file protein_5.csv (CSV, C-alpha atoms)
chain,number,residue,atom,x,y,z
H,1,MET,CA,118.6,-189.9,95.2
H,2,THR,CA,118.2,-188.3,98.5
H,3,ASP,CA,119.3,-184.9,97.2
H,4,ALA,CA,117.0,-184.9,94.2
H,5,ILE,CA,115.2,-181.6,93.5
H,6,PRO,CA,111.5,-181.8,94.2
H,7,VAL,CA,109.7,-180.5,91.1
H,8,VAL,CA,106.3,-180.0,89.7
H,9,VAL,CA,105.7,-179.7,86.0
H,10,ASP,CA,103.0,-177.2,84.9
H,11,CYS,CA,102.3,-177.9,81.2
H,12,ASP,CA,100.1,-177.7,78.2
H,13,PRO,CA,101.0,-180.8,76.0
H,14,GLY,CA,101.9,-180.3,73.1
H,15,LEU,CA,104.8,-182.4,71.7
H,16,ASP,CA,107.7,-180.5,73.2
H,17,ASP,CA,105.9,-180.6,76.6
H,18,ALA,CA,105.8,-184.4,76.2
H,19,VAL,CA,109.5,-184.6,75.5
H,20,ALA,CA,110.1,-182.3,78.5
H,21,LEU,CA,108.1,-184.7,80.7
H,22,ALA,CA,110.1,-187.6,79.3
H,23,LEU,CA,113.3,-185.8,80.2
H,24,VAL,CA,112.1,-185.2,83.8
H,25,ALA,CA,111.1,-188.9,84.1
H,26,ALA,CA,114.6,-189.9,83.0
H,27,ALA,CA,116.4,-187.6,85.4
H,28,PRO,CA,117.4,-189.1,88.8
H,29,GLU,CA,118.3,-185.5,89.8
H,30,LEU,CA,114.6,-184.6,89.8
H,31,ASP,CA,111.9,-185.9,92.2
H,32,LEU,CA,108.7,-185.4,90.3
H,33,LEU,CA,105.9,-184.6,92.8
H,34,GLY,CA,103.1,-184.1,90.3
H,35,VAL,CA,101.9,-182.7,87.0
H,36,THR,CA,99.4,-179.9,86.5
H,37,THR,CA,97.8,-178.8,83.2
H,38,VAL,CA,96.7,-175.4,81.8
H,39,ALA,CA,95.1,-174.4,78.5
H,40,GLY,CA,97.6,-173.3,75.9
H,41,ASN,CA,98.7,-175.4,72.9
H,42,VAL,CA,95.2,-176.8,72.9
H,43,SER,CA,92.1,-176.5,75.2
H,44,LEU,CA,92.4,-177.6,78.8
H,45,ALA,CA,90.4,-180.8,78.1
H,46,ARG,CA,93.0,-181.7,75.4
H,47,THR,CA,96.1,-180.7,77.4
H,48,THR,CA,94.9,-182.7,80.3
H,49,ALA,CA,94.1,-185.8,78.2
H,50,ASN,CA,97.4,-185.5,76.5
H,51,ALA,CA,99.3,-185.2,79.8
H,52,GLY,CA,97.4,-188.2,81.1
H,53,SER,CA,98.4,-190.2,78.0
H,54,VAL,CA,102.1,-189.2,78.4
H,55,LEU,CA,102.1,-190.2,82.1
H,56,GLU,CA,100.8,-193.6,81.0
H,57,LEU,CA,103.4,-193.7,78.2
H,58,LEU,CA,106.2,-193.0,80.6
H,59,GLY,CA,105.0,-195.6,83.1
H,60,LEU,CA,104.8,-193.1,85.9
H,61,PRO,CA,103.2,-194.3,89.2
H,62,ALA,CA,99.4,-194.3,89.3
H,63,GLY,CA,99.6,-192.3,92.6
H,64,LEU,CA,101.5,-189.4,91.0
H,65,ALA,CA,99.6,-186.2,91.6
H,66,PHE,CA,97.8,-185.0,88.5
H,67,HIS,CA,95.5,-182.0,88.5
H,68,ALA,CA,93.9,-179.8,85.8
H,69,GLY,CA,94.1,-176.0,86.2
H,70,TYR,CA,92.7,-173.0,84.3
H,71,THR,CA,90.7,-173.3,81.1
H,72,GLY,CA,92.2,-170.0,79.7
H,73,PRO,CA,93.6,-166.6,80.6
H,74,LEU,CA,92.6,-165.2,83.9
H,75,GLY,CA,91.6,-161.8,82.5
H,76,ARG,CA,89.6,-162.7,79.4
H,77,TYR,CA,87.9,-165.5,77.6
H,78,GLU,CA,89.8,-167.2,74.8
H,79,ARG,CA,89.0,-170.4,73.1
H,80,HIS,CA,92.0,-172.7,72.4
H,81,PRO,CA,91.7,-174.6,69.1
H,82,ASP,CA,92.4,-178.3,68.9
H,83,GLU,CA,94.2,-178.1,65.6
H,84,PRO,CA,97.5,-176.3,66.4
H,85,ILE,CA,101.0,-176.6,64.9
H,86,HIS,CA,101.4,-179.7,67.1
H,87,GLY,CA,98.8,-181.5,64.9
H,88,PRO,CA,95.2,-182.7,65.6
H,89,GLY,CA,94.7,-182.8,69.4
H,90,GLY,CA,98.1,-181.4,70.0
H,91,MET,CA,100.2,-184.6,69.9
H,92,GLY,CA,101.0,-184.9,66.2
H,93,ASP,CA,100.6,-188.4,64.7
H,94,VAL,CA,102.1,-190.3,67.7
H,95,ASP,CA,100.1,-193.2,69.0
H,96,LEU,CA,99.4,-192.8,72.7
H,97,PRO,CA,97.8,-195.0,75.3
H,98,ALA,CA,94.5,-194.1,76.8
H,99,PRO,CA,94.9,-191.2,79.3
H,100,ARG,CA,94.7,-191.5,83.0
H,101,PRO,CA,92.1,-189.1,84.4
H,102,PRO,CA,93.2,-186.1,86.6
H,103,GLU,CA,92.5,-186.1,90.3
H,104,PRO,CA,89.6,-184.0,91.7
H,105,GLY,CA,90.5,-180.5,92.8
H,106,HIS,CA,92.0,-177.5,91.0
H,107,ALA,CA,95.7,-177.5,90.2
H,108,VAL,CA,96.3,-174.2,92.0
H,109,ASP,CA,95.0,-175.5,95.3
H,110,TRP,CA,97.1,-178.7,95.0
H,111,LEU,CA,100.2,-176.6,94.2
H,112,ALA,CA,99.6,-174.4,97.3
H,113,ARG,CA,99.3,-177.5,99.6
H,114,THR,CA,102.4,-179.1,98.1
H,115,VAL,CA,104.6,-176.0,98.5
H,116,ARG,CA,103.3,-175.4,102.1
H,117,GLU,CA,104.2,-179.0,103.0
H,118,ARG,CA,107.8,-178.5,101.7
H,119,PRO,CA,108.7,-174.9,102.3
H,120,GLY,CA,111.7,-173.7,100.3
H,121,GLU,CA,112.1,-177.0,98.5
H,122,VAL,CA,109.7,-177.2,95.5
H,123,THR,CA,110.7,-176.0,92.1
H,124,ILE,CA,107.9,-175.4,89.6
H,125,ILE,CA,108.9,-176.1,85.9
H,126,ALA,CA,106.3,-173.9,84.0
H,127,ILE,CA,106.3,-174.8,80.3
H,128,GLY,CA,102.9,-173.5,79.3
H,129,PRO,CA,101.1,-170.2,79.7
H,130,LEU,CA,101.7,-168.9,83.3
H,131,THR,CA,98.0,-168.8,84.2
H,132,ASN,CA,98.2,-171.4,86.9
H,133,ILE,CA,101.3,-169.9,88.4
H,134,ALA,CA,99.7,-166.4,88.5
H,135,GLY,CA,96.6,-167.9,90.0
H,136,LEU,CA,98.6,-169.6,92.7
H,137,LEU,CA,100.5,-166.5,93.7
H,138,HIS,CA,97.3,-164.4,93.7
H,139,SER,CA,95.0,-166.9,95.4
H,140,HIS,CA,97.6,-168.1,98.0
H,141,PRO,CA,99.9,-165.1,98.6
H,142,ASP,CA,101.6,-166.8,101.5
H,143,VAL,CA,103.0,-169.4,99.1
H,144,ALA,CA,105.3,-167.1,97.1
H,145,PRO,CA,108.2,-166.9,99.6
H,146,LEU,CA,107.9,-170.7,100.1
H,147,ILE,CA,108.6,-171.6,96.4
H,148,ALA,CA,112.2,-172.6,95.8
H,149,GLU,CA,112.1,-171.4,92.2
H,150,VAL,CA,110.0,-171.1,89.1
H,151,VAL,CA,111.8,-172.1,85.9
H,152,ALA,CA,109.6,-170.9,83.0
H,153,MET,CA,109.9,-171.4,79.3
H,154,GLY,CA,108.6,-168.3,77.6
H,155,GLY,CA,109.2,-165.0,76.0
H,156,ALA,CA,111.7,-163.6,73.4
H,157,ALA,CA,114.2,-161.3,75.1
H,158,TYR,CA,116.3,-160.0,72.2
H,159,VAL,CA,115.0,-162.0,69.3
H,160,PRO,CA,111.7,-161.9,67.3
H,161,GLY,CA,108.6,-163.6,68.6
H,162,ASN,CA,106.9,-166.7,67.2
H,163,VAL,CA,103.3,-165.5,67.5
H,164,THR,CA,103.7,-161.8,66.7
H,165,VAL,CA,106.8,-159.8,65.7
H,166,THR,CA,107.8,-159.5,69.3
H,167,ALA,CA,105.8,-162.0,71.4
H,168,GLU,CA,106.4,-165.7,72.1
H,169,PHE,CA,103.4,-168.1,72.4
H,170,ASN,CA,103.4,-169.0,76.2
H,171,ILE,CA,103.6,-165.3,77.2
H,172,HIS,CA,101.3,-164.1,74.5
H,173,ALA,CA,98.7,-166.7,75.6
H,174,ASP,CA,98.2,-164.9,78.9
H,175,PRO,CA,100.3,-161.7,79.2
H,176,GLU,CA,98.6,-160.5,82.4
H,177,ALA,CA,99.5,-163.8,84.1
H,178,ALA,CA,103.1,-163.6,82.9
H,179,ARG,CA,103.4,-160.0,84.1
H,180,TYR,CA,102.0,-160.9,87.5
H,181,VAL,CA,104.6,-163.7,87.9
H,182,ALA,CA,107.4,-161.6,86.5
H,183,GLU,CA,106.7,-158.8,89.0
H,184,SER,CA,105.8,-161.0,92.0
H,185,GLY,CA,109.3,-161.3,93.4
H,186,VAL,CA,109.1,-165.1,93.3
H,187,PRO,CA,112.6,-166.6,92.5
H,188,LEU,CA,112.4,-166.9,88.7
H,189,ARG,CA,114.5,-168.1,85.8
H,190,ILE,CA,113.2,-167.6,82.2
H,191,VAL,CA,114.2,-169.7,79.3
H,192,PRO,CA,113.2,-167.7,76.2
H,193,LEU,CA,113.3,-168.2,72.4
H,194,ASP,CA,116.8,-166.6,72.4
H,195,VAL,CA,118.2,-170.0,73.6
H,196,THR,CA,115.6,-172.5,72.4
H,197,ARG,CA,116.1,-171.4,68.8
H,198,ALA,CA,119.8,-171.5,69.2
H,199,ALA,CA,119.8,-175.2,70.3
H,200,LEU,CA,117.9,-176.9,67.4
H,201,VAL,CA,117.7,-180.6,67.4
H,202,THR,CA,118.8,-181.8,63.9
H,203,ARG,CA,117.4,-184.5,61.7
H,204,ALA,CA,120.5,-186.6,62.5
H,205,ASP,CA,119.8,-186.2,66.2
H,206,ILE,CA,116.1,-187.3,65.6
H,207,ASP,CA,117.1,-190.3,63.5
H,208,ARG,CA,119.5,-191.4,66.3
H,209,LEU,CA,116.7,-191.3,68.8
H,210,ARG,CA,114.3,-193.1,66.6
H,211,ALA,CA,116.8,-195.9,65.9
H,212,HIS,CA,117.4,-196.5,69.6
H,213,GLY,CA,113.9,-197.8,70.4
H,214,GLY,CA,111.8,-197.5,73.6
H,215,LEU,CA,111.2,-194.1,75.0
H,216,ALA,CA,113.9,-192.6,72.7
H,217,ARG,CA,112.0,-193.8,69.6
H,218,VAL,CA,108.7,-192.3,70.8
H,219,ALA,CA,110.4,-189.0,71.6
H,220,GLY,CA,112.1,-189.1,68.2
H,221,ASP,CA,108.7,-189.6,66.5
H,222,MET,CA,107.4,-186.5,68.4
H,223,LEU,CA,110.4,-184.4,67.3
H,224,ALA,CA,110.1,-185.7,63.7
H,225,TYR,CA,106.6,-184.3,63.6
H,226,LEU,CA,107.8,-180.9,64.9
H,227,ALA,CA,110.7,-181.0,62.4
H,228,ARG,CA,108.4,-181.4,59.5
H,229,GLY,CA,106.6,-178.3,60.5
H,230,PHE,CA,109.8,-176.4,61.1
H,231,PHE,CA,111.1,-177.4,57.7
H,232,ALA,CA,107.8,-176.2,56.1
H,233,SER,CA,108.2,-172.8,57.9
H,234,HIS,CA,112.0,-172.3,57.8
H,235,GLY,CA,113.5,-174.7,55.3
H,236,ILE,CA,115.7,-176.2,58.0
H,237,GLU,CA,115.6,-180.0,58.8
H,238,ALA,CA,115.6,-179.5,62.5
H,239,CYS,CA,113.3,-178.3,65.3
H,240,ALA,CA,113.4,-176.4,68.6
H,241,VAL,CA,112.5,-178.4,71.7
H,242,HIS,CA,111.5,-175.3,73.7
H,243,ASP,CA,110.2,-176.9,76.9
H,244,ALA,CA,112.9,-179.6,77.3
H,245,LEU,CA,115.4,-176.8,77.5
H,246,ALA,CA,113.7,-175.5,80.7
H,247,VAL,CA,114.3,-179.0,82.2
H,248,ALA,CA,117.9,-179.0,81.0
H,249,ALA,CA,118.3,-175.7,82.8
H,250,LEU,CA,117.8,-177.6,86.1
H,251,LEU,CA,119.8,-180.6,85.1
H,252,ASP,CA,122.9,-178.6,84.0
H,253,PRO,CA,122.6,-174.8,84.6
H,254,GLU,CA,126.1,-174.3,83.2
H,255,LEU,CA,124.7,-175.2,79.7
H,256,ILE,CA,123.2,-171.8,79.7
H,257,THR,CA,124.5,-168.2,80.1
H,258,TRP,CA,122.3,-166.3,82.5
H,259,GLN,CA,121.7,-162.5,82.7
H,260,ARG,CA,120.2,-160.9,85.7
H,261,ALA,CA,117.5,-158.4,84.9
H,262,ALA,CA,114.3,-156.7,85.9
H,263,VAL,CA,111.5,-158.2,83.8
H,264,THR,CA,107.9,-157.4,83.0
H,265,VAL,CA,105.4,-158.1,80.1
H,266,GLU,CA,103.7,-155.6,77.8
H,267,CYS,CA,99.9,-156.1,78.1
H,268,GLY,CA,98.4,-153.1,76.3
H,269,GLY,CA,100.3,-152.5,73.1
H,270,GLU,CA,98.4,-152.9,69.8
H,271,PHE,CA,101.4,-154.6,68.2
H,272,THR,CA,103.5,-155.5,71.3
H,273,ARG,CA,101.0,-157.2,73.6
H,274,GLY,CA,102.7,-160.2,75.1
H,275,THR,CA,106.2,-158.9,74.6
H,276,LEU,CA,108.8,-159.8,77.3
H,277,ILE,CA,110.6,-156.7,78.6
H,278,VAL,CA,114.1,-157.4,79.9
H,279,ASP,CA,115.7,-154.5,81.6
H,280,THR,CA,119.4,-154.7,82.7
H,281,ARG,CA,119.9,-151.0,83.1
H,282,GLY,CA,117.5,-150.0,85.9
H,283,ARG,CA,115.0,-148.3,83.6
H,284,LEU,CA,112.0,-150.1,85.2
H,285,GLY,CA,113.0,-148.9,88.6
H,286,ARG,CA,113.0,-152.4,90.1
H,287,GLU,CA,115.5,-154.9,91.3
H,288,THR,CA,117.3,-157.0,88.7
H,289,ALA,CA,116.1,-160.2,90.4
H,290,VAL,CA,115.2,-162.4,87.4
H,291,SER,CA,117.6,-164.7,85.6
H,292,VAL,CA,117.1,-164.7,81.9
H,293,ALA,CA,118.8,-167.2,79.6
H,294,THR,CA,120.7,-165.5,76.8
H,295,GLY,CA,123.2,-168.1,75.6
H,296,ILE,CA,123.4,-171.9,75.3
H,297,ASP,CA,125.9,-174.6,74.6
H,298,ALA,CA,123.8,-176.2,71.9
H,299,ASP,CA,126.0,-179.3,71.3
H,300,ALA,CA,126.0,-180.0,75.1
H,301,PHE,CA,122.2,-179.7,75.2
H,302,ARG,CA,121.7,-182.0,72.3
H,303,ALA,CA,124.1,-184.5,73.9
H,304,LEU,CA,122.3,-184.3,77.2
H,305,LEU,CA,118.9,-184.8,75.6
H,306,HIS,CA,120.1,-187.8,73.7
H,307,SER,CA,121.9,-189.4,76.6
H,308,ARG,CA,119.0,-189.0,79.0
H,309,LEU,CA,116.3,-190.2,76.6
H,310,THR,CA,118.3,-193.2,75.4
H,311,GLY,CA,119.6,-194.1,78.9
H,312,THR,CA,116.3,-194.4,80.6
H,313,GLU,CA,115.1,-198.0,81.4
H,314,ARG,CA,111.4,-197.2,81.6
H,315,MET,CA,109.2,-199.4,79.5
H,316,VAL,CA,107.1,-197.7,77.0
H,317,SER,CA,103.6,-199.1,76.1
H,318,THR,CA,102.9,-198.3,72.4
call {"tool": "encode", "arguments": {"input": "protein_5.csv", "output": "structure tokens"}}
result
Amino acid sequence: MTDAIPVVVDCDPGLDDAVALALVAAAPELDLLGVTTVAGNVSLARTTANAGSVLELLGLPAGLAFHAGYTGPLGRYERHPDEPIHGPGGMGDVDLPAPRPPEPGHAVDWLARTVRERPGEVTIIAIGPLTNIAGLLHSHPDVAPLIAEVVAMGGAAYVPGNVTVTAEFNIHADPEAARYVAESGVPLRIVPLDVTRAALVTRADIDRLRAHGGLARVAGDMLAYLARGFFASHGIEACAVHDALAVAALLDPELITWQRAAVTVECGGEFTRGTLIVDTRGRLGRETAVSVATGIDADAFRALLHSRLTGTERMVST
């Protein structure tokens, strides 16, 4: 498609990151320019290996740009365990091909070159901690006005967090980076837990994917692993596919209800560190320039996810 949106996916795979990458690969509306990785769900070494395996799984071209980024938060040292809720190594019990290696050079520098080459065109889909994006805006300040948009999965606007009472994982993993991005003025849409929790993929949805074969089956296996953990925690046979919803926000923005707000992140609170602050009433004294997702047509999202993952003709090597 000549009018496809040029996108970069910045991720920390993670099973839902893998499903999000599959959704990007299956979308003719999106022109995937490259994939960058950041520490988050697991260490940078693991997120990069996982991403490399997913790129092979999806049969994406060998020449697709692929770069590793930051090993942890910009402002402090933090070790990311390799035994998260996504299972050993971060990819559950799914068999994956050997990973392709990342290219030389830091993700932030590649992002800067890519945005400069296509000013006003490139959308960054940020589905991990915002460390790489903050690093990009800080190290290459000329790039911010050249970015078409950042669509970020993260935060909990009006609902409880999933790491602390108020904080969501991606934001909590590097609050300083998230605050830098939120206050930078870069065009920003945020897809928080408010909508990802309201659009659960059911056991029936997962079974339909697994029965289809190919890419849909592998995605279904990934979601089945997440669903087992969700059932253990919540007693519900379903799971949230957080990161895929950030991709869906690009594919069909009308799936989602958006609220304009001024946004920042709490970095210093003993109990509220990593909390996304959404201000629609001018209390922060800044322009309400960020779009925050507050509502979702859950049935339409599930239908989109199913149709795209089952409609792809990519061969899957498993």
call {"tool": "closest_residue", "arguments": {"input": "protein_5.csv", "among": "H:Ala148, H:Leu215, H:Ala240, H:Leu21", "to": "Arg197 in chain H", "atoms": "only C-alpha atoms"}}
result
H:Ala240
call {"tool": "residues_around", "arguments": {"input": "protein_5.csv", "residues": "Thr294 in chain H", "least_positions_apart": "3", "cutoff": "7 Å", "atoms": "all atoms listed in the file", "output": "list in words"}}
result
Asp194, Val195, Thr257, Trp258 and Gln259 of chain H
call {"tool": "residues_around", "arguments": {"input": "protein_5.csv", "residues": "Ala62 in chain H", "least_positions_apart": "5", "cutoff": "10 Å", "atoms": "only C-alpha atoms", "output": "list in words"}}
result
Leu55, Glu56 and Arg100 of chain H
call {"tool": "write_last_selection", "arguments": {"input": "protein_5.csv", "atoms": "C-alpha atoms", "output": "PDB file, in the frame of the given file"}}
result
ATOM      1  CA  LEU H  55     102.100-190.200  82.100  1.00  0.00           C
ATOM      2  CA  GLU H  56     100.800-193.600  81.000  1.00  0.00           C
ATOM      3  CA  ARG H 100      94.700-191.500  83.000  1.00  0.00           C
TER       4      ARG H 100
END
call {"tool": "residues_near_point", "arguments": {"input": "protein_5.csv", "point": "(123.7, -173.3, 81.6)", "cutoff": "10 Å", "atoms": "only C-alpha atoms", "output": "PDB file with C-alpha atoms, keeping the file's coordinate frame"}}
result
ATOM      1  CA  LEU H 245     115.400-176.800  77.500  1.00  0.00           C
ATOM      2  CA  ALA H 248     117.900-179.000  81.000  1.00  0.00           C
ATOM      3  CA  ALA H 249     118.300-175.700  82.800  1.00  0.00           C
ATOM      4  CA  LEU H 250     117.800-177.600  86.100  1.00  0.00           C
ATOM      5  CA  LEU H 251     119.800-180.600  85.100  1.00  0.00           C
ATOM      6  CA  ASP H 252     122.900-178.600  84.000  1.00  0.00           C
ATOM      7  CA  PRO H 253     122.600-174.800  84.600  1.00  0.00           C
ATOM      8  CA  GLU H 254     126.100-174.300  83.200  1.00  0.00           C
ATOM      9  CA  LEU H 255     124.700-175.200  79.700  1.00  0.00           C
ATOM     10  CA  ILE H 256     123.200-171.800  79.700  1.00  0.00           C
ATOM     11  CA  THR H 257     124.500-168.200  80.100  1.00  0.00           C
ATOM     12  CA  TRP H 258     122.300-166.300  82.500  1.00  0.00           C
ATOM     13  CA  ALA H 293     118.800-167.200  79.600  1.00  0.00           C
ATOM     14  CA  THR H 294     120.700-165.500  76.800  1.00  0.00           C
ATOM     15  CA  GLY H 295     123.200-168.100  75.600  1.00  0.00           C
ATOM     16  CA  ILE H 296     123.400-171.900  75.300  1.00  0.00           C
ATOM     17  CA  ASP H 297     125.900-174.600  74.600  1.00  0.00           C
ATOM     18  CA  ALA H 300     126.000-180.000  75.100  1.00  0.00           C
ATOM     19  CA  PHE H 301     122.200-179.700  75.200  1.00  0.00           C
TER      20      PHE H 301
END
call {"tool": "residues_around", "arguments": {"input": "protein_5.csv", "residues": "range 70-74 of chain H", "least_positions_apart": "6", "cutoff": "6 Å", "atoms": "all atoms listed in the file", "output": "list in words"}}
result
Val38, Ala39, Leu44 and Asp174 of chain H
call {"tool": "write_last_selection", "arguments": {"input": "protein_5.csv", "atoms": "C-alpha atoms", "output": "PDB file, in the frame of the given file"}}
result
ATOM      1  CA  VAL H  38      96.700-175.400  81.800  1.00  0.00           C
ATOM      2  CA  ALA H  39      95.100-174.400  78.500  1.00  0.00           C
ATOM      3  CA  LEU H  44      92.400-177.600  78.800  1.00  0.00           C
ATOM      4  CA  ASP H 174      98.200-164.900  78.900  1.00  0.00           C
TER       5      ASP H 174
END
call {"tool": "closest_atom_pairs", "arguments": {"input": "protein_5.csv", "of": "range 187-279 of chain H", "to": "range 303-307 of chain H", "cutoff": "8 Å", "atoms": "all atoms listed in the file", "output": "CSV"}}
result
residue,atom,partner,partner_atom,distance
H:Asp205,CA,H:His306,CA,7.7
H:Leu209,CA,H:His306,CA,6.9
H:Ala216,CA,H:His306,CA,7.9
H:Ala248,CA,H:Leu304,CA,7.9
call {"tool": "residues_around", "arguments": {"input": "protein_5.csv", "residues": "Leu200 in chain H", "least_positions_apart": "3", "cutoff": "9 Å", "atoms": "only C-alpha atoms", "output": "compact mmCIF listing (two decimals) with C-alpha atoms, keeping the file's coordinate frame"}}
result
# COMPACT_ATOMS: atom_id res chain seq x y z
CA THR H 196 115.60 -172.50 72.40
CA ARG H 197 116.10 -171.40 68.80
CA ALA H 238 115.60 -179.50 62.50
CA CYS H 239 113.30 -178.30 65.30
CA ALA H 240 113.40 -176.40 68.60
CA VAL H 241 112.50 -178.40 71.70
CA ALA H 298 123.80 -176.20 71.90
CA ARG H 302 121.70 -182.00 72.30
call {"tool": "closest_residue", "arguments": {"input": "protein_5.csv", "among": "H:Asn132, H:Thr275, H:Thr202, H:Ser233", "to": "Ala177 in chain H", "atoms": "all atoms listed in the file"}}
result
H:Asn132
call {"tool": "residues_around", "arguments": {"input": "protein_5.csv", "residues": "range 106-112 of chain H", "least_positions_apart": "5", "cutoff": "7 Å", "atoms": "all atoms listed in the file", "output": "list in words"}}
result
Thr36, His67, Ala68, Gly69, Asn132, Gly135, Leu136, His140 and Val143 of chain H
call {"tool": "atom_distance", "arguments": {"input": "protein_5.csv", "atom1": "CA of Val159 in chain H", "atom2": "CA of Pro175 in chain H"}}
result
17.7 Å
call {"tool": "atom_distance", "arguments": {"input": "protein_5.csv", "atom1": "CA of Gly40 in chain H", "atom2": "CA of Gly128 in chain H"}}
result
6.3 Å
call {"tool": "closest_residue", "arguments": {"input": "protein_5.csv", "among": "H:His242, H:Ile5, H:Asp12, H:Arg203", "to": "Gly120 in chain H", "atoms": "all atoms listed in the file"}}
result
H:Ile5
call {"tool": "atom_distance", "arguments": {"input": "protein_5.csv", "atom1": "CA of Asp221 in chain H", "atom2": "CA of Asp10 in chain H"}}
result
22.9 Å
call {"tool": "closest_residue", "arguments": {"input": "protein_5.csv", "among": "H:Leu146, H:Ala27, H:Leu57, H:Ile125", "to": "Val7 in chain H", "atoms": "only C-alpha atoms"}}
result
H:Ile125
call {"tool": "closest_residue", "arguments": {"input": "protein_5.csv", "among": "H:Leu60, H:Ala211, H:Ile171, H:Ala262", "to": "Leu188 in chain H", "atoms": "only C-alpha atoms"}}
result
H:Ala262
call {"tool": "closest_residue", "arguments": {"input": "protein_5.csv", "among": "H:Pro141, H:Gly63, H:Gly75, H:Gly14", "to": "Leu32 in chain H", "atoms": "only C-alpha atoms"}}
result
H:Gly63
call {"tool": "residues_near_point", "arguments": {"input": "protein_5.csv", "point": "(117.1, -188.5, 92.2)", "cutoff": "9 Å", "atoms": "all atoms listed in the file", "output": "PyMOL selection string"}}
result
chain H and resi 1-6+27-31
